[in-house]
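Next up, work32.cif (mmCIF, C-alpha atoms and all ligand atoms):
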```
data_start
loop_
_atom_site.label_atom_id
_atom_site.label_comp_id
_atom_site.auth_asym_id
_atom_site.auth_seq_id
_atom_site.Cartn_x
_atom_site.Cartn_y
_atom_site.Cartn_z
CA MET A 584 167.00 177.05 139.73
CA ARG A 585 164.59 174.39 138.40
CA SER A 586 162.85 171.99 140.75
CA SER A 587 163.61 168.35 140.31
CA ARG A 588 160.04 167.49 141.29
CA PRO A 589 158.11 166.03 138.31
CA ALA A 590 155.33 168.21 136.83
CA ARG A 591 151.83 167.32 138.02
CA SER A 592 149.80 165.56 135.33
CA ALA A 593 146.70 167.38 134.12
CA PHE A 594 144.20 164.90 135.67
CA THR A 595 144.57 162.35 138.37
CA LEU A 596 142.93 159.01 137.87
CA ILE A 597 140.22 159.93 140.40
CA GLU A 598 139.43 163.18 138.55
CA ALA A 599 139.22 161.38 135.25
CA THR A 600 136.92 158.72 136.74
CA LEU A 601 134.68 161.40 138.23
CA ALA A 602 134.52 163.22 134.90
CA VAL A 603 133.50 160.03 133.11
CA ALA A 604 130.85 159.35 135.76
CA ILE A 605 129.43 162.87 135.47
CA VAL A 606 129.24 162.62 131.67
CA ALA A 607 127.54 159.22 131.98
CA ILE A 608 124.95 160.66 134.37
CA MET A 609 124.29 163.57 132.02
CA ILE A 610 123.85 161.25 129.04
CA GLY A 611 121.49 159.08 131.12
CA ALA A 612 119.42 162.11 132.14
CA GLY A 613 119.26 163.28 128.53
CA LEU A 614 118.11 159.87 127.28
CA SER A 615 115.51 159.69 130.05
CA ALA A 616 114.11 163.09 129.05
CA VAL A 617 113.91 161.98 125.39
CA THR A 618 112.18 158.72 126.37
CA GLN A 619 109.71 160.62 128.58
CA SER A 620 108.99 163.05 125.78
CA GLN A 621 108.38 160.22 123.28
CA ARG A 622 106.07 158.49 125.78
CA SER A 623 104.08 161.69 126.36
CA ARG A 624 103.70 162.19 122.62
CA ARG A 625 102.60 158.58 122.11
CA LEU A 626 100.02 158.85 124.91
CA ALA A 627 98.67 162.09 123.44
CA GLU A 628 98.36 160.43 120.01
CA GLU A 629 96.56 157.44 121.56
CA MET A 630 94.14 159.71 123.41
CA SER A 631 93.40 161.66 120.24
CA LYS A 632 92.80 158.46 118.27
CA ALA A 633 90.58 157.02 121.02
CA ARG A 634 88.46 160.19 121.14
CA GLY A 635 87.99 160.05 117.37
CA LEU A 636 87.01 156.37 117.50
CA ALA A 637 84.54 156.99 120.36
CA ALA A 638 82.91 159.79 118.36
CA ILE A 639 82.52 157.54 115.28
CA LEU A 640 81.13 154.62 117.29
CA LEU A 641 78.73 156.68 119.40
CA GLU A 642 77.42 158.40 116.28
CA GLU A 643 76.75 154.95 114.82
CA VAL A 644 74.83 153.88 117.94
CA GLY A 645 73.01 157.18 118.31
CA ALA A 646 71.50 156.83 114.82
CA LEU A 647 69.37 153.89 116.01
CA ALA A 648 66.01 153.74 117.77
CA TYR A 649 65.63 153.95 121.55
CA CYS A 650 64.16 150.43 121.75
CA ASP A 651 63.68 147.52 119.41
CA PRO A 652 60.86 148.22 116.92
CA GLN A 653 59.64 144.60 117.00
CA GLU A 654 60.43 143.71 120.61
CA PRO A 655 60.26 146.96 122.62
CA THR A 656 60.03 145.27 126.00
CA ARG A 657 63.03 142.95 125.59
CA PRO A 658 65.93 143.27 128.09
CA LEU A 659 69.02 145.29 127.18
CA GLY A 660 71.19 143.66 124.54
CA PRO A 661 70.82 142.16 121.08
CA ASP A 662 67.37 140.85 120.19
CA THR A 663 66.11 137.90 118.18
CA TYR A 664 67.97 137.33 114.90
CA GLU A 665 70.57 140.02 115.68
CA ASP A 666 74.19 139.09 115.14
CA VAL A 667 77.01 140.71 117.16
CA GLN A 668 79.33 139.97 114.22
CA ASP A 669 77.20 142.12 111.91
CA ARG A 670 76.14 145.48 113.35
CA PHE A 671 73.88 146.08 110.36
CA THR A 672 71.48 143.66 112.08
CA PHE A 673 71.21 146.00 115.09
CA ASP A 674 68.18 148.26 115.13
CA ASP A 675 68.18 149.84 118.60
CA ILE A 676 70.77 151.45 120.81
CA ASP A 677 70.89 148.80 123.52
CA ASP A 678 71.77 146.07 121.01
CA TYR A 679 75.34 147.26 121.65
CA ASP A 680 75.22 146.29 125.32
CA GLY A 681 78.11 143.92 126.06
CA LEU A 682 79.55 144.21 122.56
CA MET A 683 83.33 144.00 122.22
CA VAL A 684 84.95 144.96 118.92
CA THR A 685 88.62 144.27 118.16
CA PRO A 686 90.24 145.48 116.03
CA VAL A 687 87.90 148.45 116.04
CA THR A 688 85.92 148.48 112.82
CA ASP A 689 83.15 150.56 111.34
CA LYS A 690 79.79 149.01 110.53
CA ASP A 691 81.13 147.80 107.17
CA ALA A 692 83.79 145.79 109.06
CA THR A 693 86.53 148.07 107.75
CA TRP A 694 89.41 148.15 110.20
CA LEU A 695 89.84 151.56 111.82
CA THR A 696 92.73 150.39 114.02
CA ASP A 697 95.30 147.68 114.43
CA ASP A 698 94.39 144.61 116.48
CA GLN A 699 95.79 146.14 119.68
CA TRP A 700 92.69 148.31 119.99
CA VAL A 701 89.48 147.17 121.69
CA ALA A 702 86.11 148.89 122.01
CA ASN A 703 83.79 147.72 124.79
CA PHE A 704 80.18 148.91 124.91
CA THR A 705 77.79 149.02 127.83
CA VAL A 706 74.22 150.28 127.82
CA THR A 707 72.42 151.00 131.08
CA TRP A 708 69.14 152.48 132.21
CA ILE A 709 69.77 155.58 134.30
CA VAL A 710 67.84 158.36 136.01
CA SER A 711 68.66 162.02 135.49
CA ASP A 712 69.30 162.82 139.15
CA ASP A 713 71.75 159.89 139.56
CA PRO A 714 73.25 159.30 136.12
CA GLY A 715 76.24 157.38 137.47
CA THR A 716 74.15 154.49 138.79
CA ALA A 717 72.74 151.77 136.54
CA GLN A 718 69.06 151.12 137.26
CA PRO A 719 67.60 147.59 137.27
CA GLN A 720 64.63 148.40 135.04
CA GLU A 721 63.39 150.69 132.30
CA THR A 722 63.62 154.39 133.19
CA ASN A 723 63.06 155.79 129.67
CA LEU A 724 66.66 157.02 129.78
CA LYS A 725 69.63 155.02 128.48
CA ARG A 726 73.33 155.72 128.65
CA ILE A 727 75.60 154.17 126.02
CA ARG A 728 79.23 154.04 127.03
CA VAL A 729 82.20 152.94 124.96
CA VAL A 730 85.64 152.34 126.44
CA LEU A 731 88.59 152.36 124.05
CA SER A 732 91.62 150.34 125.14
CA HIS A 733 95.00 149.97 123.52
CA ALA A 734 97.40 147.11 124.32
CA GLY A 735 95.37 146.23 127.40
CA ARG A 736 95.20 149.76 128.81
CA ASP A 737 92.01 151.84 128.93
CA VAL A 738 92.66 155.04 126.98
CA TYR A 739 89.33 156.83 126.73
CA SER A 740 85.72 156.44 127.73
CA GLY A 741 82.91 158.30 126.00
CA SER A 742 79.17 158.16 126.46
CA ILE A 743 75.89 159.52 125.21
CA VAL A 744 72.47 159.57 126.84
CA ARG A 745 69.21 159.00 124.98
CA SER A 746 65.71 159.41 126.27
CA LYS A 747 62.57 157.77 124.99
CA GLY A 748 60.77 161.11 125.23
CA TRP A 749 63.36 162.88 123.07
CA GLU A 750 62.86 160.30 120.36
CA ALA A 751 59.08 160.82 120.44
CA LEU A 752 59.66 164.51 119.65
CA GLN A 753 61.70 163.76 116.49
CA CA A 801 67.35 145.30 118.42
CA CA A 802 67.90 145.51 122.01
#
```

I need this file expressed as structure tokens, please.
Ligand SMILES: [Ca+2]
Ligand SMILES: [Ca+2]
Amino acid sequence: MRSSRPARSAFTLIEATLAVAIVAIMIGAGLSAVTQSQRSRRLAEEMSKARGLAAILLEEVGALAYCDPQEPTRPLGPDTYEDVQDRFTFDDIDDYDGLMVTPVTDKDATWLTDDQWVANFTVTWIVSDDPGTAQPQETNLKRIRVVLSHAGRDVYSGSIVRSKGWEALQ
């Protein structure tokens, strides 16, 4: 004898709603993972680019003399007749102190980056047993630091140290 009770439908409205919600959550989690992965890749690319730029720029600075050939006792920074817009006029490593370059260019003013990149240089006198602290006067040891930033965020900081004594040995 057949029941007169109607057959139960496959899904109730609540079950269907729950299923939709679960699928939505899974899609959201998947998209979040993709976004996170893209962000990680972008940050790794930025870091790699910034390291390369720092190496180029510090090599450029490191090729110069420890102090200005004409004005060896001048304070840190560009000296007389030196132009921050033309790095060919620089002739010692501390001429870069306070220099900001954006977009980052080589000495020939060829763009190495888009205009979202900034390179900021600082040159300080240091002592070997406390290299993290800038000294107020000549120590015969200078640290040149360049910080590479992209879209307002610091990405990488690189530095080199030069001593006056090392230069005398060359
Ligand atoms: Ca100079
Ligand atoms: Ca100088």

Open item on the list: Calculated over all atoms listed in the file, which of the candidates A:Thr716, A:Thr707, A:Thr595, A:Asn723 has the smallest distance to Ile743 in chain A?
Closed with: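 Distance minimum relative to Ile743 in chain A lands on A:Thr707.
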
- [ ] Provide the atom CA of ligand CA 802 (chain A) to CA of Gly635 in chain A distance in Å, to one decimal place.
- [x]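 Interatomic distance, atom CA of ligand CA 802 (chain A) to CA of Gly635 in chain A: 25.2 Å.
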
Open item on the list: Need to verify the contact set: Asp713 in chain A, 12 Å, all atoms listed in the file, exclusion of same-chain residues closer than 5 positions in sequence. Can you return it as a ChimeraX atom specification?
Closed with: /A:708,718,722,724,726

- [ ] Measuring atom to atom with all atoms listed in the file, identify which of A:Met630, A:Leu641, A:Leu647, A:Val730 is nearest to ligand CA 801 (chain A).
- [x]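 Smallest separation from ligand CA 801 (chain A) among the options: A:Leu647.
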
TODO: Do a neighbour search on range 637-640 of chain A at 7 Å with only C-alpha atoms, toss out local chain neighbours closer than 3 positions, and write the hits as JSON, numbers by chain.
DONE: {"A": [633, 634, 643, 644, 729, 741]}

- [ ] Figure out the distance between CA of Arg728 in chain A and CA of Val667 in chain A, please, to one decimal in Å.
- [x]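 A separation of 16.7 Å between them.
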
Counting all atoms listed in the file, give me one row per residue of chain A with an atom at most 9 Å from an atom of ligand CA 801 (chain A), showing the shortest contact pair and its distance in Å to one decimal, sorted by chain then residue number, as a Markdown table.
```
| residue | atom | partner | partner_atom | distance |
| --- | --- | --- | --- | --- |
| A:Ala648 | CA | A:CA801 | CA | 8.6 |
| A:Cys650 | CA | A:CA801 | CA | 6.9 |
| A:Asp651 | CA | A:CA801 | CA | 4.4 |
| A:Pro652 | CA | A:CA801 | CA | 7.3 |
| A:Gln653 | CA | A:CA801 | CA | 7.9 |
| A:Glu654 | CA | A:CA801 | CA | 7.4 |
| A:Pro655 | CA | A:CA801 | CA | 8.4 |
| A:Arg657 | CA | A:CA801 | CA | 8.7 |
| A:Leu659 | CA | A:CA801 | CA | 8.9 |
| A:Gly660 | CA | A:CA801 | CA | 7.4 |
| A:Pro661 | CA | A:CA801 | CA | 5.4 |
| A:Asp662 | CA | A:CA801 | CA | 4.8 |
| A:Thr663 | CA | A:CA801 | CA | 7.5 |
| A:Tyr664 | CA | A:CA801 | CA | 8.7 |
| A:Glu665 | CA | A:CA801 | CA | 6.8 |
| A:Thr672 | CA | A:CA801 | CA | 7.7 |
| A:Phe673 | CA | A:CA801 | CA | 5.1 |
| A:Asp674 | CA | A:CA801 | CA | 4.5 |
| A:Asp675 | CA | A:CA801 | CA | 4.6 |
| A:Ile676 | CA | A:CA801 | CA | 7.4 |
| A:Asp677 | CA | A:CA801 | CA | 7.1 |
| A:Asp678 | CA | A:CA801 | CA | 5.2 |
| A:Tyr679 | CA | A:CA801 | CA | 8.8 |
```

TODO: Using only C-alpha atoms, find the one residue out of A:Tyr739, A:Phe594, A:Phe704, A:Tyr649 that sits nearest to Thr685 in chain A.
DONE: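 So, comparing all the options, the nearest one is A:Phe704.
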
- [ ] One decimal, Å: what's the distance from CA of Asp680 in chain A over to CA of Val706 in chain A, could you say?
- [x]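 Going from CA of Asp680 in chain A over to CA of Val706 in chain A covers 4.8 Å.
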
Open item on the list: When you count only C-alpha atoms, which of these residues is closest to Ser742 in chain A: A:Ala607, A:Gly613, A:Gly645, A:Leu695?
Closed with: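 Looking at the shortest contact to Ser742 in chain A, the residue is A:Gly645.
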
Task: Nearest candidate to ligand CA 802 (chain A) (options A:Leu682, A:Leu752, A:Val710, A:Val701; using all atoms listed in the file) - done: A:Leu682

- [ ] Pick out the closest residue to ligand CA 802 (chain A) from this set: A:Glu642, A:Asp666, A:Glu628, A:Asp737. Count all atoms listed in the file.
- [x]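 Comparing A:Glu642, A:Asp666, A:Glu628, A:Asp737 against ligand CA 802 (chain A), the winner is A:Asp666.
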
Task: Test item: residues at most 12 Å from Ala692 in chain A, all atoms listed in the file, excluding those fewer than 5 positions along its chain, as a ChimeraX atom specification - done: /A:667-671,684-687

Where is the centre and how long are the edges: axis-aligned box on range 681-697 of chain A, 6 Å on each side, Å to one decimal, as AutoDock Vina command-line options:
```
--center_x 86.7 --center_y 147.7 --center_z 116.6 --size_x 29.2 --size_y 19.6 --size_z 30.9
```

Since the input lacks some atoms of range 699-717 of chain A, please model N, CA and C atoms and print them as a PDB file, in the frame of the given file.
```pdb
ATOM      1  N   GLN A 699      95.493 145.829 118.265  1.00  0.00           N
ATOM      2  CA  GLN A 699      95.790 146.140 119.680  1.00  0.00           C
ATOM      3  C   GLN A 699      94.669 146.954 120.318  1.00  0.00           C
ATOM      4  N   TRP A 700      93.767 147.471 119.470  1.00  0.00           N
ATOM      5  CA  TRP A 700      92.690 148.310 119.990  1.00  0.00           C
ATOM      6  C   TRP A 700      91.427 147.482 120.240  1.00  0.00           C
ATOM      7  N   VAL A 701      90.732 147.842 121.338  1.00  0.00           N
ATOM      8  CA  VAL A 701      89.480 147.170 121.690  1.00  0.00           C
ATOM      9  C   VAL A 701      88.450 148.238 122.050  1.00  0.00           C
ATOM     10  N   ALA A 702      87.224 148.035 121.584  1.00  0.00           N
ATOM     11  CA  ALA A 702      86.110 148.890 122.010  1.00  0.00           C
ATOM     12  C   ALA A 702      85.110 148.029 122.760  1.00  0.00           C
ATOM     13  N   ASN A 703      84.779 148.438 123.972  1.00  0.00           N
ATOM     14  CA  ASN A 703      83.790 147.720 124.790  1.00  0.00           C
ATOM     15  C   ASN A 703      82.601 148.629 125.059  1.00  0.00           C
ATOM     16  N   PHE A 704      81.404 148.125 124.736  1.00  0.00           N
ATOM     17  CA  PHE A 704      80.180 148.910 124.910  1.00  0.00           C
ATOM     18  C   PHE A 704      79.398 148.427 126.122  1.00  0.00           C
ATOM     19  N   THR A 705      78.792 149.372 126.825  1.00  0.00           N
ATOM     20  CA  THR A 705      77.790 149.020 127.830  1.00  0.00           C
ATOM     21  C   THR A 705      76.617 149.979 127.679  1.00  0.00           C
ATOM     22  N   VAL A 706      75.430 149.452 127.858  1.00  0.00           N
ATOM     23  CA  VAL A 706      74.220 150.280 127.820  1.00  0.00           C
ATOM     24  C   VAL A 706      73.482 150.047 129.120  1.00  0.00           C
ATOM     25  N   THR A 707      73.117 151.123 129.792  1.00  0.00           N
ATOM     26  CA  THR A 707      72.420 151.000 131.080  1.00  0.00           C
ATOM     27  C   THR A 707      71.230 151.944 131.120  1.00  0.00           C
ATOM     28  N   TRP A 708      70.238 151.551 131.912  1.00  0.00           N
ATOM     29  CA  TRP A 708      69.140 152.480 132.210  1.00  0.00           C
ATOM     30  C   TRP A 708      69.630 153.387 133.343  1.00  0.00           C
ATOM     31  N   ILE A 709      69.355 154.649 133.242  1.00  0.00           N
ATOM     32  CA  ILE A 709      69.770 155.580 134.300  1.00  0.00           C
ATOM     33  C   ILE A 709      68.611 156.516 134.626  1.00  0.00           C
ATOM     34  N   VAL A 710      68.780 157.276 135.700  1.00  0.00           N
ATOM     35  CA  VAL A 710      67.840 158.360 136.010  1.00  0.00           C
ATOM     36  C   VAL A 710      68.621 159.664 136.029  1.00  0.00           C
ATOM     37  N   SER A 711      67.945 160.756 135.690  1.00  0.00           N
ATOM     38  CA  SER A 711      68.660 162.020 135.490  1.00  0.00           C
ATOM     39  C   SER A 711      69.287 162.558 136.775  1.00  0.00           C
ATOM     40  N   ASP A 712      68.696 162.273 137.932  1.00  0.00           N
ATOM     41  CA  ASP A 712      69.300 162.820 139.150  1.00  0.00           C
ATOM     42  C   ASP A 712      70.368 161.900 139.758  1.00  0.00           C
ATOM     43  N   ASP A 713      70.653 160.764 139.113  1.00  0.00           N
ATOM     44  CA  ASP A 713      71.750 159.890 139.560  1.00  0.00           C
ATOM     45  C   ASP A 713      72.303 159.161 138.341  1.00  0.00           C
ATOM     46  N   PRO A 714      72.860 159.918 137.392  1.00  0.00           N
ATOM     47  CA  PRO A 714      73.250 159.300 136.120  1.00  0.00           C
ATOM     48  C   PRO A 714      74.396 158.299 136.213  1.00  0.00           C
ATOM     49  N   GLY A 715      75.120 158.304 137.334  1.00  0.00           N
ATOM     50  CA  GLY A 715      76.240 157.380 137.470  1.00  0.00           C
ATOM     51  C   GLY A 715      75.835 155.978 137.888  1.00  0.00           C
ATOM     52  N   THR A 716      74.578 155.789 138.268  1.00  0.00           N
ATOM     53  CA  THR A 716      74.150 154.490 138.790  1.00  0.00           C
ATOM     54  C   THR A 716      73.221 153.789 137.799  1.00  0.00           C
ATOM     55  N   ALA A 717      73.590 152.557 137.437  1.00  0.00           N
ATOM     56  CA  ALA A 717      72.740 151.770 136.540  1.00  0.00           C
ATOM     57  C   ALA A 717      71.482 151.351 137.295  1.00  0.00           C
TER      58      ALA A 717
END
```
